file coords.txt (compact mmCIF, C-alpha atoms and all ligand atoms)
# COMPACT_ATOMS: atom_id res chain seq x y z
CA MET A 6 -14.34 12.19 5.07
CA LYS A 7 -15.58 13.29 8.44
CA LEU A 8 -18.59 11.63 10.02
CA HIS A 9 -21.10 13.48 12.13
CA GLU A 10 -21.28 12.57 15.79
CA TYR A 11 -24.58 10.73 15.35
CA GLN A 12 -23.16 8.71 12.45
CA ALA A 13 -20.02 7.82 14.38
CA LYS A 14 -22.12 6.84 17.37
CA SER A 15 -24.19 4.47 15.24
CA ILE A 16 -20.93 2.71 14.39
CA PHE A 17 -19.86 2.76 18.05
CA ARG A 18 -23.11 1.01 18.96
CA LYS A 19 -22.44 -1.75 16.45
CA TYR A 20 -19.04 -2.36 18.01
CA GLY A 21 -20.39 -2.44 21.55
CA ILE A 22 -19.14 0.95 22.71
CA PRO A 23 -21.75 2.41 25.07
CA VAL A 24 -23.22 5.73 23.90
CA PRO A 25 -26.20 7.67 25.31
CA ASP A 26 -29.62 6.87 23.86
CA GLY A 27 -30.61 9.39 21.25
CA GLU A 28 -31.75 10.26 17.76
CA VAL A 29 -31.03 12.88 15.14
CA ALA A 30 -33.61 15.54 14.21
CA LEU A 31 -33.97 17.98 11.33
CA THR A 32 -36.67 20.10 12.95
CA ALA A 33 -37.37 21.47 16.42
CA GLU A 34 -40.72 19.63 16.49
CA ARG A 35 -39.02 16.31 15.85
CA ALA A 36 -36.39 17.14 18.49
CA ALA A 37 -39.18 17.78 21.00
CA GLU A 38 -40.79 14.42 20.18
CA ILE A 39 -37.52 12.61 20.73
CA ALA A 40 -36.97 14.49 24.00
CA ALA A 41 -40.46 13.51 25.17
CA GLY A 42 -39.40 9.88 24.92
CA PHE A 43 -36.80 10.36 27.67
CA THR A 44 -37.27 10.96 31.35
CA GLY A 45 -35.20 13.77 32.87
CA LYS A 46 -32.87 16.09 31.01
CA VAL A 47 -31.78 15.79 27.42
CA VAL A 48 -28.72 17.21 25.71
CA ILE A 49 -29.20 18.83 22.29
CA LYS A 50 -26.13 18.88 20.09
CA ALA A 51 -25.44 20.66 16.80
CA GLN A 52 -24.28 18.21 14.11
CA VAL A 53 -21.63 20.16 12.22
CA HIS A 54 -18.03 19.35 11.40
CA VAL A 55 -16.37 21.69 13.87
CA GLY A 56 -14.71 21.11 17.21
CA GLY A 57 -15.58 22.97 20.39
CA ARG A 58 -19.32 23.07 19.75
CA GLY A 59 -19.89 23.14 23.50
CA LYS A 60 -18.02 26.42 24.00
CA ALA A 61 -19.58 27.94 20.89
CA GLY A 62 -23.12 27.31 22.14
CA GLY A 63 -23.90 24.28 20.01
CA VAL A 64 -24.42 21.84 22.93
CA LYS A 65 -27.22 22.62 25.38
CA LEU A 66 -29.11 20.81 28.12
CA ALA A 67 -32.91 21.01 28.23
CA GLU A 68 -35.68 19.55 30.34
CA GLY A 69 -39.16 18.69 29.11
CA LYS A 70 -40.70 18.78 25.67
CA ALA A 71 -41.29 22.54 25.46
CA GLU A 72 -37.79 23.49 26.54
CA ALA A 73 -36.28 20.92 24.19
CA GLU A 74 -38.22 22.42 21.28
CA LYS A 75 -37.09 25.95 22.16
CA THR A 76 -33.46 24.87 22.56
CA ALA A 77 -33.44 22.86 19.34
CA ALA A 78 -35.03 25.78 17.46
CA ALA A 79 -32.23 28.05 18.72
CA ILE A 80 -29.48 25.64 17.65
CA LEU A 81 -30.95 24.68 14.25
CA GLY A 82 -29.96 27.28 11.67
CA MET A 83 -27.28 28.64 13.99
CA ASP A 84 -23.92 29.59 12.50
CA LEU A 85 -21.15 27.60 14.16
CA LYS A 86 -17.72 28.79 13.05
CA GLY A 87 -19.01 29.45 9.53
CA LEU A 88 -21.18 26.34 9.18
CA THR A 89 -24.96 26.33 9.37
CA VAL A 90 -26.50 23.77 11.70
CA GLU A 91 -29.00 21.60 9.81
CA LYS A 92 -29.31 18.67 12.22
CA VAL A 93 -29.31 18.19 15.97
CA LEU A 94 -28.70 15.09 18.00
CA VAL A 95 -31.10 14.73 20.92
CA GLU A 96 -29.80 12.45 23.66
CA LYS A 97 -30.73 11.46 27.15
CA ALA A 98 -28.36 13.54 29.29
CA ILE A 99 -25.81 11.74 31.38
CA ASP A 100 -24.59 12.58 34.88
CA ILE A 101 -20.92 13.30 34.36
CA ASP A 102 -18.40 12.62 37.08
CA LYS A 103 -15.13 12.65 35.10
CA GLU A 104 -14.17 13.39 31.50
CA TYR A 105 -11.25 11.78 29.65
CA TYR A 106 -9.81 11.91 26.16
CA ILE A 107 -8.97 8.87 24.01
CA SER A 108 -8.28 8.47 20.32
CA PHE A 109 -6.53 6.42 17.68
CA ALA A 110 -4.87 8.28 14.85
CA MET A 111 -2.53 7.50 11.99
CA ASP A 112 1.01 8.76 12.44
CA ARG A 113 2.26 9.00 8.88
CA ALA A 114 5.85 9.84 9.80
CA LYS A 115 6.15 6.76 12.01
CA HIS A 116 4.00 4.54 9.75
CA MET A 117 2.07 3.45 12.80
CA ALA A 118 -1.22 3.96 14.52
CA VAL A 119 -1.00 5.88 17.76
CA PHE A 120 -3.18 5.66 20.85
CA ILE A 121 -3.55 9.12 22.36
CA SER A 122 -5.06 9.61 25.78
CA SER A 123 -5.40 12.23 28.45
CA VAL A 124 -7.09 12.58 31.81
CA MET A 125 -7.86 16.18 30.83
CA GLY A 126 -10.83 15.33 28.62
CA GLY A 127 -13.82 17.37 27.61
CA VAL A 128 -11.80 20.39 26.55
CA ASP A 129 -10.18 21.05 23.22
CA ILE A 130 -7.25 18.62 22.96
CA GLU A 131 -5.17 21.11 20.94
CA GLU A 132 -5.43 23.49 23.88
CA VAL A 133 -4.36 20.77 26.29
CA ALA A 134 -1.44 19.90 24.03
CA LYS A 135 -0.30 23.51 24.12
CA LYS A 136 -0.79 24.25 27.80
CA SER A 137 0.05 20.94 29.45
CA PRO A 138 1.63 18.58 26.93
CA GLU A 139 2.81 16.32 29.78
CA SER A 140 -0.80 15.30 30.41
CA ILE A 141 -1.09 13.67 26.97
CA ASN A 142 0.04 10.06 26.54
CA LYS A 143 0.96 8.65 23.16
CA SER A 144 1.72 5.02 22.51
CA TYR A 145 2.55 3.74 19.07
CA ILE A 146 1.17 0.45 17.85
CA ASP A 147 3.36 -1.77 15.75
CA PRO A 148 1.06 -3.13 13.03
CA PHE A 149 2.65 -6.57 13.38
CA MET A 150 2.11 -6.64 17.12
CA ASP A 151 -1.45 -5.29 17.45
CA LEU A 152 -2.85 -3.39 20.42
CA LYS A 153 -1.51 -4.71 23.75
CA ASP A 154 -2.33 -4.00 27.37
CA PHE A 155 0.88 -2.03 27.81
CA HIS A 156 -0.39 0.54 25.31
CA ILE A 157 -3.46 1.13 27.42
CA ARG A 158 -2.15 0.70 30.98
CA PRO A 159 -0.52 4.13 31.47
CA PHE A 160 -3.85 5.81 30.74
CA LEU A 161 -5.85 3.51 33.04
CA LYS A 162 -3.35 4.14 35.81
CA GLN A 163 -3.47 7.92 35.44
CA ALA A 164 -7.23 7.89 35.22
CA GLY A 165 -7.34 6.07 38.57
CA LEU A 166 -10.33 3.98 37.55
CA GLU A 167 -11.80 1.39 39.84
CA LYS A 168 -11.69 -2.25 38.86
CA GLU A 169 -14.98 -2.49 37.02
CA ALA A 170 -14.65 0.86 35.24
CA CYS A 171 -11.13 -0.18 34.32
CA ALA A 172 -12.41 -3.33 32.59
CA ASP A 173 -15.15 -1.34 30.82
CA ALA A 174 -12.69 1.31 29.63
CA THR A 175 -10.31 -1.39 28.35
CA LYS A 176 -13.11 -2.95 26.35
CA ILE A 177 -14.05 0.43 24.87
CA ILE A 178 -10.46 1.20 23.91
CA ARG A 179 -10.07 -2.22 22.25
CA ASN A 180 -13.31 -1.82 20.32
CA LEU A 181 -12.33 1.69 19.29
CA TYR A 182 -9.12 0.28 17.84
CA LYS A 183 -11.15 -2.34 16.01
CA ILE A 184 -13.29 0.42 14.48
CA PHE A 185 -10.16 2.36 13.57
CA LEU A 186 -8.80 -0.60 11.62
CA GLU A 187 -11.99 -1.90 10.08
CA THR A 188 -13.29 1.46 8.81
CA ASP A 189 -9.94 2.63 7.38
CA ALA A 190 -10.07 5.63 9.67
CA ASN A 191 -7.48 8.37 9.94
CA LEU A 192 -8.94 9.25 13.31
CA VAL A 193 -11.42 7.88 15.81
CA GLU A 194 -11.84 10.00 18.89
CA ILE A 195 -13.89 10.02 22.08
CA ASN A 196 -13.79 13.36 23.86
CA PRO A 197 -15.08 13.14 26.45
CA LEU A 198 -15.05 9.54 27.50
CA VAL A 199 -17.22 9.92 30.56
CA ILE A 200 -17.37 8.17 33.92
CA THR A 201 -20.87 8.80 35.18
CA LYS A 202 -21.81 9.36 38.82
CA ASP A 203 -22.95 5.74 38.94
CA LYS A 204 -19.56 4.56 37.59
CA LYS A 205 -20.61 3.75 34.05
CA VAL A 206 -18.16 4.39 31.22
CA ILE A 207 -19.79 6.09 28.21
CA ALA A 208 -18.69 7.79 24.98
CA ALA A 209 -20.36 11.20 25.29
CA ASP A 210 -18.91 12.49 22.03
CA ALA A 211 -17.66 10.72 18.89
CA LYS A 212 -15.48 11.85 16.06
CA MET A 213 -14.44 9.81 13.02
CA ASP A 214 -12.52 10.68 9.91
CA ILE A 215 -12.29 8.05 7.17
CA ASP A 216 -9.50 7.93 4.60
CA ASP A 217 -11.04 9.24 1.34
CA ASN A 218 -9.01 6.73 -0.65
CA ALA A 219 -10.71 3.86 1.15
CA MET A 220 -14.26 4.97 0.32
CA TYR A 221 -14.53 2.39 -2.44
CA ARG A 222 -14.36 -0.41 0.11
CA GLN A 223 -16.30 1.35 2.87
CA GLN A 224 -19.64 1.13 1.11
CA GLU A 225 -21.70 1.24 4.29
CA ILE A 226 -20.05 4.45 5.43
CA TYR A 227 -20.18 5.89 1.93
CA ALA A 228 -23.94 5.31 1.88
CA MET A 229 -24.21 7.25 5.15
CA LEU A 230 -22.32 10.19 3.71
CA LYS A 231 -23.61 10.12 0.14
CA GLU A 232 -26.37 12.67 0.48
CA GLU A 233 -24.15 15.33 2.07
CA LEU A 234 -21.22 14.47 -0.14
CA GLU A 235 -23.22 15.11 -3.29
CA LYS A 236 -24.00 18.66 -2.13
CA GLN A 237 -20.32 19.54 -1.89
CA PRO A 238 -18.81 21.51 -4.80
CA GLU A 239 -15.60 19.48 -4.45
CA HIS A 240 -17.51 16.28 -5.12
CA GLN A 241 -19.57 17.73 -7.98
CA ALA A 242 -16.40 19.06 -9.62
CA LYS A 243 -14.80 15.63 -9.40
CA GLN A 244 -17.77 14.11 -11.24
CA LYS A 245 -17.09 16.56 -14.10
CA GLY A 246 -13.40 15.75 -14.29
CA LEU A 247 -12.10 18.82 -12.46
CA SER A 248 -10.21 18.85 -9.20
CA TYR A 249 -11.40 21.62 -6.96
CA ILE A 250 -10.58 22.44 -3.37
CA LYS A 251 -12.13 25.48 -1.76
CA MET A 252 -9.94 27.70 0.37
CA GLU A 253 -10.42 30.86 2.41
CA GLY A 254 -9.09 33.60 0.12
CA ASN A 255 -10.70 35.80 -2.55
CA ILE A 256 -8.66 35.21 -5.72
CA GLY A 257 -10.36 32.45 -7.69
CA CYS A 258 -7.96 30.32 -9.72
CA ILE A 259 -8.61 28.41 -12.93
CA VAL A 260 -5.53 26.56 -14.10
CA ASN A 261 -4.57 23.60 -16.27
CA GLY A 262 -2.42 21.06 -14.47
CA ALA A 263 -2.02 20.31 -10.78
CA GLY A 264 1.56 21.55 -10.61
CA LEU A 265 0.74 24.87 -12.28
CA SER A 266 -2.30 25.18 -9.96
CA MET A 267 -0.04 24.85 -6.93
CA ALA A 268 2.47 27.30 -8.40
CA THR A 269 -0.34 29.78 -9.10
CA MET A 270 -1.47 29.64 -5.48
CA ASP A 271 2.12 30.09 -4.34
CA ILE A 272 2.67 33.13 -6.49
CA ILE A 273 -0.59 34.73 -5.35
CA LYS A 274 0.59 34.32 -1.75
CA LEU A 275 4.04 35.67 -2.70
CA TYR A 276 2.49 38.93 -3.86
CA GLY A 277 0.34 39.26 -0.76
CA GLY A 278 -2.92 37.74 -2.02
CA GLU A 279 -5.00 34.80 -0.82
CA PRO A 280 -6.19 32.10 -3.24
CA ALA A 281 -9.89 31.21 -3.00
CA ASN A 282 -9.33 27.72 -4.33
CA PHE A 283 -7.24 25.14 -6.04
CA LEU A 284 -8.76 24.30 -9.40
CA ASP A 285 -7.21 22.10 -12.04
CA ILE A 286 -9.34 21.91 -15.19
CA GLY A 287 -7.04 19.36 -16.78
CA GLY A 288 -5.46 19.47 -20.19
CA SER A 289 -8.37 20.43 -22.41
CA SER A 290 -9.75 23.70 -23.68
CA ASN A 291 -13.30 22.36 -23.69
CA PRO A 292 -15.58 25.43 -23.29
CA GLU A 293 -18.02 23.39 -21.17
CA LYS A 294 -15.27 22.75 -18.62
CA VAL A 295 -14.23 26.38 -18.63
CA LYS A 296 -17.83 27.42 -18.12
CA TYR A 297 -18.30 25.00 -15.26
CA ALA A 298 -15.05 26.18 -13.67
CA MET A 299 -16.27 29.77 -13.83
CA GLN A 300 -19.57 28.72 -12.28
CA LEU A 301 -17.66 27.10 -9.43
CA LEU A 302 -15.89 30.39 -8.73
CA MET A 303 -19.18 32.26 -8.95
CA SER A 304 -20.71 29.96 -6.35
CA ASP A 305 -18.03 31.08 -3.87
CA LYS A 306 -19.17 34.37 -2.34
CA ASN A 307 -15.61 35.32 -1.36
CA VAL A 308 -14.24 35.47 -4.90
CA LYS A 309 -13.44 39.05 -5.99
CA VAL A 310 -11.31 38.32 -9.04
CA ALA A 311 -10.59 35.31 -11.23
CA LEU A 312 -7.10 34.39 -12.30
CA PHE A 313 -7.01 32.20 -15.35
CA ASN A 314 -3.58 30.67 -15.82
CA ILE A 315 -3.06 28.38 -18.82
CA PHE A 316 0.06 26.89 -20.23
CA GLY A 317 -0.51 25.77 -23.79
CA GLY A 318 1.48 22.72 -24.75
CA ILE A 319 -0.66 20.38 -26.77
CA THR A 320 -3.53 22.58 -25.66
CA ARG A 321 -3.71 25.54 -28.05
CA CYS A 322 -4.07 28.94 -26.43
CA ASP A 323 -6.31 30.27 -29.22
CA ASP A 324 -8.73 27.38 -28.56
CA VAL A 325 -8.72 28.21 -24.88
CA ALA A 326 -9.30 31.91 -25.58
CA ARG A 327 -12.27 31.11 -27.83
CA GLY A 328 -13.63 28.69 -25.24
CA LEU A 329 -13.23 31.30 -22.55
CA ILE A 330 -15.05 33.99 -24.49
CA SER A 331 -17.92 31.73 -25.45
CA ALA A 332 -18.19 30.40 -21.89
CA ILE A 333 -18.31 33.78 -20.19
CA SER A 334 -20.64 35.28 -22.77
CA GLU A 335 -23.27 32.92 -21.38
CA LEU A 336 -22.55 33.75 -17.75
CA LYS A 337 -22.87 37.05 -15.95
CA VAL A 338 -19.49 36.97 -14.23
CA PRO A 339 -19.61 39.64 -11.50
CA PHE A 340 -15.84 39.99 -11.03
CA PRO A 341 -12.88 40.89 -13.28
CA ILE A 342 -11.01 38.07 -15.01
CA VAL A 343 -7.26 38.19 -15.39
CA VAL A 344 -5.97 35.87 -18.09
CA ARG A 345 -2.48 34.61 -18.58
CA LEU A 346 -2.13 32.38 -21.62
CA THR A 347 1.24 31.26 -22.79
CA GLY A 348 2.65 28.61 -25.09
CA THR A 349 1.28 27.33 -28.38
CA ASN A 350 -0.57 30.05 -30.33
CA SER A 351 -0.52 32.59 -27.51
CA VAL A 352 -0.14 35.46 -30.00
CA GLU A 353 -3.39 34.44 -31.71
CA ALA A 354 -5.01 34.09 -28.29
CA LYS A 355 -4.03 37.63 -27.38
CA GLU A 356 -5.67 38.86 -30.62
CA ILE A 357 -8.86 36.99 -29.82
CA LEU A 358 -9.05 38.43 -26.31
CA LYS A 359 -8.45 41.98 -27.53
CA GLY A 360 -11.55 44.07 -27.20
CA SER A 361 -13.13 41.74 -24.62
CA GLU A 362 -13.34 42.79 -20.99
CA LEU A 363 -10.83 40.09 -20.07
CA ILE A 364 -7.53 41.44 -18.75
CA PHE A 365 -4.67 39.86 -20.65
CA GLU A 366 -1.25 39.43 -19.02
CA GLU A 367 1.86 38.01 -20.64
CA THR A 368 3.52 36.55 -17.57
CA MET A 369 2.51 34.66 -14.48
CA ILE A 370 4.07 37.30 -12.23
CA GLY A 371 2.24 40.04 -14.11
CA ALA A 372 -1.06 38.19 -13.82
CA ALA A 373 -0.61 37.47 -10.11
CA LYS A 374 0.28 41.09 -9.36
CA LYS A 375 -2.67 42.30 -11.40
CA ALA A 376 -5.12 40.01 -9.58
CA VAL A 377 -3.76 40.97 -6.16
CA GLY A 378 -3.96 44.63 -7.13
CA LEU A 379 -7.58 44.31 -8.23
CA VAL A 380 -8.56 42.75 -4.91
CA ALA A 381 -6.75 45.41 -2.91
CA ARG A 382 -8.71 48.23 -4.54
P1 LIG A 401 -17.68 19.45 21.54
O1 LIG A 401 -17.59 20.69 22.37
O2 LIG A 401 -17.97 19.76 20.11
O3 LIG A 401 -16.50 18.56 21.69
O4 LIG A 401 -18.98 18.64 22.07
P2 LIG A 401 -19.11 17.53 23.23
O5 LIG A 401 -20.05 16.52 22.77
O6 LIG A 401 -17.78 17.04 23.64
O7 LIG A 401 -19.78 18.32 24.41
C1 LIG A 401 -19.11 19.37 25.09
C2 LIG A 401 -19.29 19.26 26.58
O8 LIG A 401 -20.67 19.29 26.91
C3 LIG A 401 -18.79 17.96 27.17
O9 LIG A 401 -17.41 17.97 27.44
C4 LIG A 401 -19.61 17.85 28.43
O10 LIG A 401 -19.00 18.59 29.48
C5 LIG A 401 -20.90 18.53 28.06
N1 LIG A 401 -21.93 17.50 27.83
C6 LIG A 401 -22.15 16.79 26.70
N2 LIG A 401 -23.14 15.88 26.88
C7 LIG A 401 -23.56 16.03 28.16
C8 LIG A 401 -24.55 15.38 28.97
O11 LIG A 401 -25.27 14.48 28.55
N3 LIG A 401 -24.68 15.82 30.25
C9 LIG A 401 -23.91 16.82 30.77
N4 LIG A 401 -24.07 17.17 32.03
N5 LIG A 401 -22.97 17.43 30.05
C10 LIG A 401 -22.79 17.06 28.76
MN MN A 402 -16.12 16.72 22.34
call {"tool": "encode", "arguments": {"input": "coords.txt", "output": "structure tokens"}}
result
Amino acid sequence: MKLHEYQAKSIFRKYGIPVPDGEVALTAERAAEIAAGFTGKVVIKAQVHVGGRGKAGGVKLAEGKAEAEKTAAAILGMDLKGLTVEKVLVEKAIDIDKEYYISFAMDRAKHMAVFISSVMGGVDIEEVAKKSPESINKSYIDPFMDLKDFHIRPFLKQAGLEKEACADATKIIRNLYKIFLETDANLVEINPLVITKDKKVIAADAKMDIDDNAMYRQQEIYAMLKEELEKQPEHQAKQKGLSYIKMEGNIGCIVNGAGLSMATMDIIKLYGGEPANFLDIGGSSNPEKVKYAMQLLMSDKNVKVALFNIFGGITRCDDVARGLISAISELKVPFPIVVRLTGTNSVEAKEILKGSELIFEETMIGAAKKAVGLVAR
């Protein structure tokens, strides 16, 4: 689970990492009020889960209440790489002298945390990694040894910090590691870590990603995220016993079993299509589940065709077919539905589907080709 910058910064504060003063706002009026509480310039920042907000126009400086209101109004509601901005963070602007990059991430292959740093901060780190990989330091942290000075020193040396800034940066890096461990994070990142004109070291940006599997013991963070989490279709589906993951394509998949779901996505790709989602409805033919699954696909504007792929083992295909017909008779499904049902009682299922507008296919290949063909029209 990703945290918004303002949420991550509230955790930073608790751990003694300096961040600019600021508050989050849902409206331009509120943003203006917050701005009025600061002297000098403020920075107004879109709170959406995308990188490179600065370049995309989601981070803007403003001076005075009126300008802050205008700027916040322009950012709120803005589309940033496909996401609508619903909140802005209003902060007292800082006078930047230098920008650095630091983060802790989990390296799964090495089974270790890694400290990543660069003196080329502020810009997209993926870009830096491509163009000048030599400017990125990585030091791996043995979990039995903990974070030591030698992990940090190469960065401090390259950054050329003066004595006091050096001590401040060290403290920030150590506290960042503490956050990384204590919040079960996959990633904690400061980009940029700023040295201000008056030599203060401040986290100007904050990114955190918490391991989903640790949510049960990260109750404080879960409470922070709960409201947004509950709006996500992935989360709602999970509550109903379905596993759903939205993707970018236009062929909606409804499948029983995780393995068959993966195979269905693979075969769609093989025939030149793009799956709109992963969706495993589990082993039952329960019409309520089928109906809900169809509603999930209907809530995704990109879906142009549904591909229903069921393997009947204990599940009887004729049950599924009946469930499917009763479910869709209640919904106005705006796209064609290709159905592949095989296994127990598939002959009966085929009979049941005859005469309905559902497109029956005998094989998985046939169904995939059909769905891809329907999208291409
Ligand atoms: P990102 O583009 O999504 O990573 O958003 P950031 O929070 O990193 O902001 C992008 C850039 O805006 C930073 O690298 C800074 O150069 C600039 N910026 C952010 N906050 C301030 C500020 O308070 N003052 C000034 N002068 N620039 C800022
Ligand atoms: Mn940033």
call {"tool": "residues_near_ligand", "arguments": {"input": "coords.txt", "ligand": "ligand LIG 401 (chain A)", "cutoff": "8 Å", "atoms": "all atoms listed in the file", "output": "PyMOL selection string"}}
result
chain A and resi 25+47-48+50+55-61+63-66+96-101+104+126-129+196-197+209-211
call {"tool": "residues_around", "arguments": {"input": "coords.txt", "residues": "Ala354 in chain A", "least_positions_apart": "5", "cutoff": "7 Å", "atoms": "only C-alpha atoms", "output": "MDAnalysis selection string"}}
result
chainID A and resid 322:323 326
call {"tool": "residues_around", "arguments": {"input": "coords.txt", "residues": "Ala263 in chain A", "least_positions_apart": "4", "cutoff": "10 Å", "atoms": "all atoms listed in the file", "output": "PyMOL selection string"}}
result
chain A and resi 248+267-269+283-287
call {"tool": "closest_residue", "arguments": {"input": "coords.txt", "among": "A:Lys212, A:Arg222, A:Lys309, A:Arg18", "to": "ligand MN 402 (chain A)", "atoms": "all atoms listed in the file"}}
result
A:Lys212
call {"tool": "closest_residue", "arguments": {"input": "coords.txt", "among": "A:Gly254, A:Lys136, A:Met213, A:Glu279", "to": "Ser15 in chain A", "atoms": "only C-alpha atoms"}}
result
A:Met213
call {"tool": "closest_residue", "arguments": {"input": "coords.txt", "among": "A:Val193, A:Leu31, A:Val95, A:Ile22", "to": "ligand MN 402 (chain A)", "atoms": "all atoms listed in the file"}}
result
A:Val193
call {"tool": "closest_residue", "arguments": {"input": "coords.txt", "among": "A:Ile121, A:Ala208, A:Leu8, A:Ile178", "to": "ligand MN 402 (chain A)", "atoms": "only C-alpha atoms and all ligand atoms"}}
result
A:Ala208
call {"tool": "decode", "arguments": {"input": "coords.txt", "residues": "range 291-303 of chain A", "atoms": "N, CA and C atoms", "output": "tab-separated table (two decimals), in the first residue's frame"}}
result
chain	number	residue	atom	x	y	z
A	291	ASN	N	-22.07	-19.74	-7.60
A	291	ASN	CA	-23.00	-18.82	-6.94
A	291	ASN	C	-23.35	-17.62	-7.84
A	292	PRO	N	-24.64	-17.51	-8.26
A	292	PRO	CA	-25.04	-16.44	-9.17
A	292	PRO	C	-24.71	-15.04	-8.62
A	293	GLU	N	-24.76	-14.88	-7.31
A	293	GLU	CA	-24.46	-13.58	-6.70
A	293	GLU	C	-23.03	-13.16	-7.02
A	294	LYS	N	-22.12	-14.15	-6.93
A	294	LYS	CA	-20.71	-13.88	-7.22
A	294	LYS	C	-20.51	-13.54	-8.69
A	295	VAL	N	-21.21	-14.29	-9.53
A	295	VAL	CA	-21.10	-14.05	-10.97
A	295	VAL	C	-21.61	-12.65	-11.30
A	296	LYS	N	-22.71	-12.30	-10.67
A	296	LYS	CA	-23.30	-10.98	-10.88
A	296	LYS	C	-22.33	-9.88	-10.43
A	297	TYR	N	-21.77	-10.08	-9.27
A	297	TYR	CA	-20.84	-9.07	-8.75
A	297	TYR	C	-19.61	-8.95	-9.65
A	298	ALA	N	-19.14	-10.11	-10.15
A	298	ALA	CA	-17.99	-10.10	-11.04
A	298	ALA	C	-18.30	-9.30	-12.30
A	299	MET	N	-19.51	-9.49	-12.83
A	299	MET	CA	-19.90	-8.76	-14.04
A	299	MET	C	-20.00	-7.27	-13.75
A	300	GLN	N	-20.49	-6.93	-12.55
A	300	GLN	CA	-20.57	-5.52	-12.17
A	300	GLN	C	-19.17	-4.89	-12.08
A	301	LEU	N	-18.22	-5.69	-11.60
A	301	LEU	CA	-16.84	-5.19	-11.54
A	301	LEU	C	-16.35	-4.84	-12.93
A	302	LEU	N	-16.60	-5.72	-13.89
A	302	LEU	CA	-16.17	-5.45	-15.27
A	302	LEU	C	-16.88	-4.22	-15.81
A	303	MET	N	-18.17	-4.10	-15.47
A	303	MET	CA	-18.94	-2.96	-15.98
A	303	MET	C	-18.47	-1.63	-15.39
